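Beneath this line is the structure, given in structure tokens, with notes to follow.
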Amino acid sequence: MRPVVIVPTYNERDNIPIVVSRLMTIPDVRVLVVDDGSPDGTGAVADALAATADGRVSVLHRTGPRGLGLAYIDGMRQALAGDATHICQMDADLSHDPFDIARLLAATADADVVIGSRYVPGGRIENWPARRRMLSAFANGYIRTITGLTTRDSTSGFRCWRRDAIERLPLDRIASNGYAFLVELIWEAAASGGRVGEIPITFVERRQGASKLSWRVVFESAIVPWRLAWRSLSRKPFRATI
């Protein structure tokens, strides 16, 4: 395996050294930090980490429109331009355990994309208030009802893809940019016939920095499943596994 882990950042200067140092303990893993011009200097911190990582860490400084979806798409394109066999996604805020990357990679033996899931048996959430738990659970049920996806955690940003699964994705056609991007991406994977798997993870609420969740992001997340349902009328049936 030649895995690349994409870590998008915006004001994560305190967290990114911890994330990168833990990922460096996993053999053969390379890290691509995609920084959206963080005002707190996260990009410079990432550059310093890359300078001492023997080529295993690289940094993409984005200067165009910001957003989670755009950052991931640019990161995926850069990873595909190299020799990556697997491309993983994870947050920079330590809500995802970097050591779980090894489990996600192993699970791709039986799936084209594997989701680190909070909502399969064994999955857990720590330090979230009740309202966030209810919002997340409702969102995933809402997505399943409208789109027909069977994945339990379509909004999880902790994922590992086989290279060929990403190569089948219509990245130029992905329209959403906030957290709804995660839903659209997994829908496209399933619609293209990809095998979607889930393994349990423990999700921990960030300890430092501020959440990127906003009402604009919530609104987009409410609209995108309907757009995907409409799109499915002209697409072949898809299959997904848990």
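By convention here, the chains of the structure tokens are called A, B, ... in the order presented, each chain's residues are numbered starting at 1, and ligands are numbered starting at 1 in the order presented.
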Sort by chain and increasing residue number a table of all residues of stretch 88-181 of chain A within 12 Å of stretch 64-71 of chain A, each with its closest pair of atoms and their distance in Å to one decimal, counting only C-alpha atoms, and write it as a Markdown table.
| residue | atom | partner | partner_atom | distance |
| --- | --- | --- | --- | --- |
| A:Gln89 | CA | A:Ala71 | CA | 11.0 |
| A:Met90 | CA | A:Leu68 | CA | 11.2 |
| A:Asp91 | CA | A:Leu68 | CA | 10.1 |
| A:Ala92 | CA | A:Leu68 | CA | 11.8 |
| A:Gly157 | CA | A:Leu68 | CA | 10.1 |
| A:Leu171 | CA | A:Leu70 | CA | 9.9 |
| A:Asp172 | CA | A:Leu70 | CA | 10.4 |
| A:Arg173 | CA | A:Leu70 | CA | 11.7 |
| A:Ile174 | CA | A:Gly69 | CA | 8.4 |
| A:Ala175 | CA | A:Gly69 | CA | 8.6 |
| A:Ser176 | CA | A:Gly69 | CA | 6.7 |
| A:Asn177 | CA | A:Gly69 | CA | 4.2 |
| A:Gly178 | CA | A:Leu68 | CA | 5.5 |
| A:Tyr179 | CA | A:Leu68 | CA | 7.0 |
| A:Ala180 | CA | A:Gly69 | CA | 8.4 |
| A:Phe181 | CA | A:Gly69 | CA | 5.4 |
| Can you tell me, as a ChimeraX atom specification, what residues are no more than 8 Å from stretch 95-99 of chain A when counting only C-alpha atoms, ignoring any on the same chain fewer than 5 positions away? | /A:19,22-23,26,90,158,202-206
| query | Which value, in Å to one decimal, gives the distance between atom CA of A:Thr155 and atom CA of A:Ala139? | reply | 8.1 Å
| message | Quick check, in Å to one decimal: how far apart do atom CA of A:Val113 and atom CA of A:Leu49 lie? | response | 28.4 Å
| task | Excluding A:Arg195 and residues on its chain fewer than 6 positions from it, collect all residues at most 12 Å away from it, counting only C-alpha atoms, and give them as JSON, numbers by chain. | result | {"A": [107, 108, 109, 110, 111, 112, 113, 114, 115, 149, 150, 151, 161, 162, 164, 165, 186, 187, 188, 189, 238, 239, 240, 241, 242]}
